[in-house]
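See below for input_11.txt, which holds compact mmCIF, C-alpha atoms.
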# COMPACT_ATOMS: atom_id res chain seq x y z
CA MET A 1 173.71 -0.87 3.25
CA SER A 2 170.29 0.23 1.98
CA SER A 3 168.92 3.74 2.05
CA ASP A 4 165.63 4.79 3.59
CA ILE A 5 164.37 5.79 0.16
CA GLY A 6 165.22 2.41 -1.34
CA GLU A 7 163.40 0.65 1.46
CA ARG A 8 160.26 2.73 0.90
CA LEU A 9 159.97 2.19 -2.85
CA PRO A 10 157.47 -0.52 -3.76
CA SER A 11 158.90 -3.50 -5.57
CA PRO A 12 157.32 -4.28 -8.96
CA THR A 13 155.59 -7.32 -7.47
CA ALA A 14 154.29 -5.44 -4.42
CA LEU A 15 152.26 -2.88 -6.35
CA ARG A 16 149.12 -4.12 -8.09
CA ILE A 17 147.21 -1.83 -10.49
CA VAL A 18 143.66 -2.93 -11.31
CA ALA A 19 140.66 -1.59 -13.19
CA ASP A 20 138.21 -0.50 -10.53
CA ASP A 21 134.42 -0.07 -10.52
CA LEU A 22 134.59 2.63 -7.82
CA SER A 23 132.33 0.66 -5.49
CA GLY A 24 134.72 0.15 -2.57
CA PRO A 25 134.53 2.39 0.50
CA GLU A 26 138.33 2.92 0.44
CA VAL A 27 138.10 4.25 -3.10
CA ALA A 28 135.22 6.58 -2.22
CA ALA A 29 137.21 7.88 0.78
CA LEU A 30 140.35 8.44 -1.34
CA LEU A 31 138.38 10.33 -3.98
CA THR A 32 136.64 12.41 -1.30
CA ARG A 33 140.07 13.42 0.02
CA HIS A 34 141.28 14.09 -3.53
CA LEU A 35 138.36 16.42 -4.27
CA ALA A 36 138.77 18.18 -0.92
CA GLU A 37 142.45 18.81 -1.67
CA MET A 38 141.59 20.18 -5.10
CA TYR A 39 139.08 22.62 -3.60
CA ASP A 40 141.53 23.55 -0.83
CA ASN A 41 144.22 24.45 -3.38
CA SER A 42 142.31 26.00 -6.30
CA PRO A 43 139.37 28.37 -6.69
CA GLU A 44 136.09 26.51 -7.10
CA ASP A 45 135.65 27.49 -10.75
CA SER A 46 139.16 26.18 -11.50
CA VAL A 47 138.64 22.69 -10.09
CA HIS A 48 138.23 20.16 -12.91
CA ALA A 49 138.46 16.94 -10.89
CA LEU A 50 135.75 14.38 -11.59
CA ASP A 51 133.47 13.12 -8.85
CA LEU A 52 132.54 9.44 -8.39
CA GLU A 53 129.60 9.58 -10.77
CA ALA A 54 131.59 11.25 -13.55
CA LEU A 55 134.40 8.71 -13.10
CA ARG A 56 131.85 5.97 -13.77
CA GLY A 57 131.12 7.44 -17.22
CA ARG A 58 131.28 5.27 -20.34
CA ASN A 59 134.29 7.16 -21.67
CA VAL A 60 136.36 6.84 -18.45
CA THR A 61 138.50 3.95 -17.22
CA PHE A 62 139.55 4.14 -13.58
CA TRP A 63 142.40 2.23 -11.92
CA THR A 64 143.51 1.80 -8.34
CA ALA A 65 146.99 0.90 -7.13
CA TRP A 66 147.29 -1.47 -4.18
CA GLU A 67 150.15 -2.48 -1.93
CA ASP A 68 148.96 -5.76 -0.52
CA ASP A 69 145.46 -4.86 0.76
CA GLU A 70 146.17 -1.14 1.16
CA LEU A 71 144.92 1.43 -1.37
CA ALA A 72 147.97 3.42 -2.49
CA GLY A 73 146.59 5.58 -5.28
CA CYS A 74 144.37 5.99 -8.30
CA GLY A 75 144.23 7.39 -11.81
CA ALA A 76 141.87 7.51 -14.74
CA LEU A 77 141.86 7.83 -18.52
CA LYS A 78 139.06 9.70 -20.24
CA GLN A 79 138.57 9.35 -23.98
CA LEU A 80 138.14 12.77 -25.56
CA ASP A 81 137.97 11.40 -29.11
CA PRO A 82 139.28 8.24 -30.84
CA ALA A 83 142.83 9.67 -30.99
CA HIS A 84 143.02 11.76 -27.80
CA GLY A 85 142.83 10.81 -24.13
CA GLU A 86 142.92 12.83 -20.92
CA ILE A 87 144.47 11.81 -17.62
CA LYS A 88 142.09 12.39 -14.70
CA SER A 89 142.04 11.83 -10.93
CA MET A 90 145.71 11.01 -10.40
CA HIS A 91 146.10 10.81 -6.64
CA THR A 92 148.48 9.09 -4.24
CA ALA A 93 147.10 8.12 -0.84
CA ALA A 94 148.56 9.68 2.30
CA GLY A 95 151.49 7.64 3.52
CA HIS A 96 152.35 6.44 0.02
CA THR A 97 153.78 9.61 -1.53
CA GLY A 98 157.39 9.67 -2.71
CA ARG A 99 157.42 5.92 -3.29
CA GLY A 100 156.86 5.68 -7.04
CA ILE A 101 153.10 5.06 -6.90
CA ALA A 102 152.19 8.04 -9.12
CA ALA A 103 154.89 7.15 -11.66
CA ALA A 104 153.66 3.54 -11.81
CA LEU A 105 150.06 4.70 -12.32
CA LEU A 106 151.12 7.23 -14.95
CA ASN A 107 153.11 4.59 -16.84
CA HIS A 108 150.07 2.31 -16.70
CA VAL A 109 147.78 5.03 -18.11
CA ILE A 110 150.29 5.88 -20.86
CA ALA A 111 150.57 2.19 -21.83
CA GLU A 112 146.77 1.90 -21.98
CA ALA A 113 146.51 5.05 -24.12
CA ARG A 114 149.06 3.55 -26.53
CA ALA A 115 147.14 0.24 -26.58
CA ARG A 116 144.03 2.21 -27.57
CA ASN A 117 146.03 3.81 -30.40
CA TYR A 118 145.60 7.31 -29.03
CA GLN A 119 147.91 9.75 -30.75
CA ARG A 120 147.87 12.25 -27.92
CA LEU A 121 147.47 12.24 -24.15
CA SER A 122 146.71 15.46 -22.25
CA LEU A 123 145.93 16.63 -18.75
CA GLU A 124 145.02 19.64 -16.64
CA THR A 125 146.60 20.26 -13.26
CA GLY A 126 146.73 23.17 -10.88
CA ALA A 127 149.15 26.08 -11.13
CA SER A 128 149.87 26.70 -7.42
CA ASP A 129 152.93 25.39 -5.58
CA TYR A 130 150.81 22.54 -4.21
CA PHE A 131 150.73 21.04 -7.73
CA ALA A 132 154.49 21.43 -8.44
CA PRO A 133 155.27 17.75 -7.68
CA ALA A 134 152.59 16.65 -10.16
CA GLN A 135 153.91 19.04 -12.81
CA ARG A 136 157.45 17.68 -12.32
CA LEU A 137 156.16 14.09 -12.63
CA TYR A 138 154.44 14.84 -15.92
CA LEU A 139 157.45 16.72 -17.31
CA ARG A 140 159.70 13.75 -16.44
CA HIS A 141 157.35 11.53 -18.44
CA GLY A 142 157.49 13.59 -21.62
CA PHE A 143 154.56 15.95 -21.16
CA GLU A 144 154.91 19.56 -22.26
CA ILE A 145 152.93 22.62 -21.31
CA CYS A 146 150.32 23.40 -23.96
CA ALA A 147 147.28 25.54 -24.66
CA PRO A 148 143.90 24.51 -23.25
CA PHE A 149 142.42 21.46 -24.99
CA ALA A 150 138.94 19.97 -25.29
CA ASP A 151 136.45 22.24 -23.45
CA TYR A 152 139.04 23.94 -21.23
CA VAL A 153 139.69 27.68 -21.42
CA GLU A 154 142.69 29.75 -20.36
CA ASP A 155 142.82 29.89 -16.57
CA PRO A 156 145.65 31.31 -14.43
CA HIS A 157 144.97 28.52 -11.91
CA SER A 158 145.42 25.72 -14.45
CA VAL A 159 148.40 24.23 -16.25
CA PHE A 160 147.63 22.22 -19.39
CA MET A 161 150.05 19.57 -20.56
CA THR A 162 150.19 17.12 -23.45
CA ARG A 163 152.41 14.56 -25.12
CA THR A 164 152.36 12.73 -28.40
CA LEU A 165 152.25 8.94 -28.14
Before we go any further, please render this structure as C-alpha cells.
Amino acid sequence: MSSDIGERLPSPTALRIVADDLSGPEVAALLTRHLAEMYDNSPEDSVHALDLEALRGRNVTFWTAWEDDELAGCGALKQLDPAHGEIKSMHTAAGHTGRGIAAALLNHVIAEARARNYQRLSLETGASDYFAPAQRLYLRHGFEICAPFADYVEDPHSVFMTRTL
C-alpha cells in the first residue's frame, strides 16, 4: 500500500534540472510570482530577490526544474568571489510544493558550488513565518544562521545562512 506522500514525490528520472537562459514565458511567469510573493511577505527595502535582468548577469547561473513539460521550480547560484557563492531565486511552482523539488534544486546548486571549488555557500531569506519552510530546508542541508555577508546589512526581516563546502 502506498501513501499519498510517496505518490506525490517525483522519481529521480521524472525531475529534470537544466541550465536556463530565462527566455521562456513559463520562467518569466514563475519569477513574476516569486517576486510578488517576496514583496507580499517582506517590506520593500528588505526584498533581495533578483529580477529577470539581474538573473541574466555574468556572475549568475540559473536552473529550472521540470517534471515532464511542466515547470516545477527554479534556483540560481551567484558568484560573490572565487571562493564564495550565494543561492538566489529558489522557488517551487504552485502545485509542486512538498514534493522534493526544492531539495533537488538545492542539492544541484550545492553540487555545482563544490564543482566550482567554492569554499562557502550563503543565502538570505526572509524572517517571517512565510519563510519558515525555506529556513527548515536550508538547516536540513547543513546551513547555519550567520551574520550578514557580501553587501547585506543587519535587517530584522532577513535571515542570513551559510555553510562550508
Next item on the list: Select, from A:Asn107, A:Gln79, A:Ser42, A:Ser89, the residue with the minimum atom-to-atom distance to Ile17 (chain A), counting only C-alpha atoms.
Entry: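 The shortest atom-to-atom distance to Ile17 (chain A) comes from A:Asn107.
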Item checked: Distance criterion (only C-alpha atoms): nearest to Leu71 (chain A) out of A:Leu30, A:Ala36, A:Ala111, A:Ala83 -> A:Leu30
What are the nearest atom pairs, with distances in Å to one decimal, for all residues of region 4-64 of chain A that come at most 10 Å from region 129-147 of chain A, using all atoms listed in the file, set out by chain and rising residue number as a tab-separated table?
residue	atom	partner	partner_atom	distance
A:Glu37	CA	A:Tyr130	CA	9.5
A:Met38	CA	A:Phe131	CA	9.5
A:Asp40	CA	A:Tyr130	CA	9.9
A:Asn41	CA	A:Tyr130	CA	6.9
A:Ser42	CA	A:Tyr130	CA	9.4
Next item on the list: Compare A:Ala76, A:Leu165, A:His84, A:Asp69 by their minimum atom-to-atom distance to Arg114 (chain A), counting all atoms listed in the file, and give me the closest one.
Entry: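 Distance minimum relative to Arg114 (chain A) lands on A:Leu165.
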Item checked: Atomic separation - CA of Ala150 (chain A) relative to CA of Leu50 (chain A), Å ->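 Between CA of Leu50 (chain A) and CA of Ala150 (chain A) the gap is 15.1 Å.
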Notebook entry, point to check: Between A:Glu154, A:Glu26, A:Glu53, A:Glu67, which one has atoms that come closest to Ala127 (chain A), using all atoms listed in the file?
Noted result: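 The shortest atom-to-atom distance to Ala127 (chain A) comes from A:Glu154.
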Next item on the list: Determine the nearest neighbour of Glu70 (chain A) from the options A:Leu22, A:Ala104, A:Ala93, A:Ala115, counting only C-alpha atoms.
Entry: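 The shortest atom-to-atom distance to Glu70 (chain A) comes from A:Ala93.
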Notebook entry, point to check: Hey, which of A:Asn117, A:Thr97, A:Ser158, A:Thr164 ends up closest to Val47 (chain A)? Count only C-alpha atoms.
Noted result: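 That would be A:Ser158, the residue with the smallest distance to Val47 (chain A).
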Note to self: Please report the interatomic distance between CA of Glu86 (chain A) and CA of Tyr39 (chain A) in Å with one decimal.
What the structure shows: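 It comes out at 20.3 Å.
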Note to self: To one decimal place in Å, what is the distance between CA of Leu123 (chain A) and CA of Lys88 (chain A)?
What the structure shows: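 If I compute the distance from CA of Leu123 (chain A) to CA of Lys88 (chain A), I get 7.0 Å.
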Margin query: When you look at Trp66 (chain A) with a cut-off of 10 Å (counting all atoms listed in the file), what residues show up, excluding the ones that are within fewer than 4 positions of it in the same chain? I need them as a ChimeraX atom specification.
Written below: /A:14-18,70-74,101
Edge lengths and centre in Å to one decimal, as JSON, of the axis-aligned box that encloses all listed atoms of region 16-27 of chain A with 8 Å added on every side?
{"center_x": 140.7, "center_y": 0.1, "center_z": -6.3, "size_x": 32.8, "size_y": 24.4, "size_z": 29.7}
Check: Got a sec: who's within 8 Å of Ser122 (chain A), counting all atoms listed in the file, leaving out chain neighbours fewer than 3 positions off, as a list in words?
Finding: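 Listed by chain and then number, they are His84, Gly85, Glu86, Ile87, Phe143, Phe149, Phe160, Met161, Thr162 and Arg163 of chain A.
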Checklist line | Residue neighbourhood Pro82 (chain A), 10 Å, all atoms listed in the file, exclusion window fewer than 5 positions, as a list in words | finding: Arg116, Asn117, Tyr118, Gln119 and Arg120 of chain A
Checklist line | Met90 (chain A) environment, 10 Å, all atoms listed in the file, sequence neighbours closer than 3 positions dropped, as JSON, numbers by chain | finding: {"A": [31, 34, 49, 62, 63, 64, 73, 74, 75, 76, 77, 87, 102, 105, 106, 109, 125, 134]}
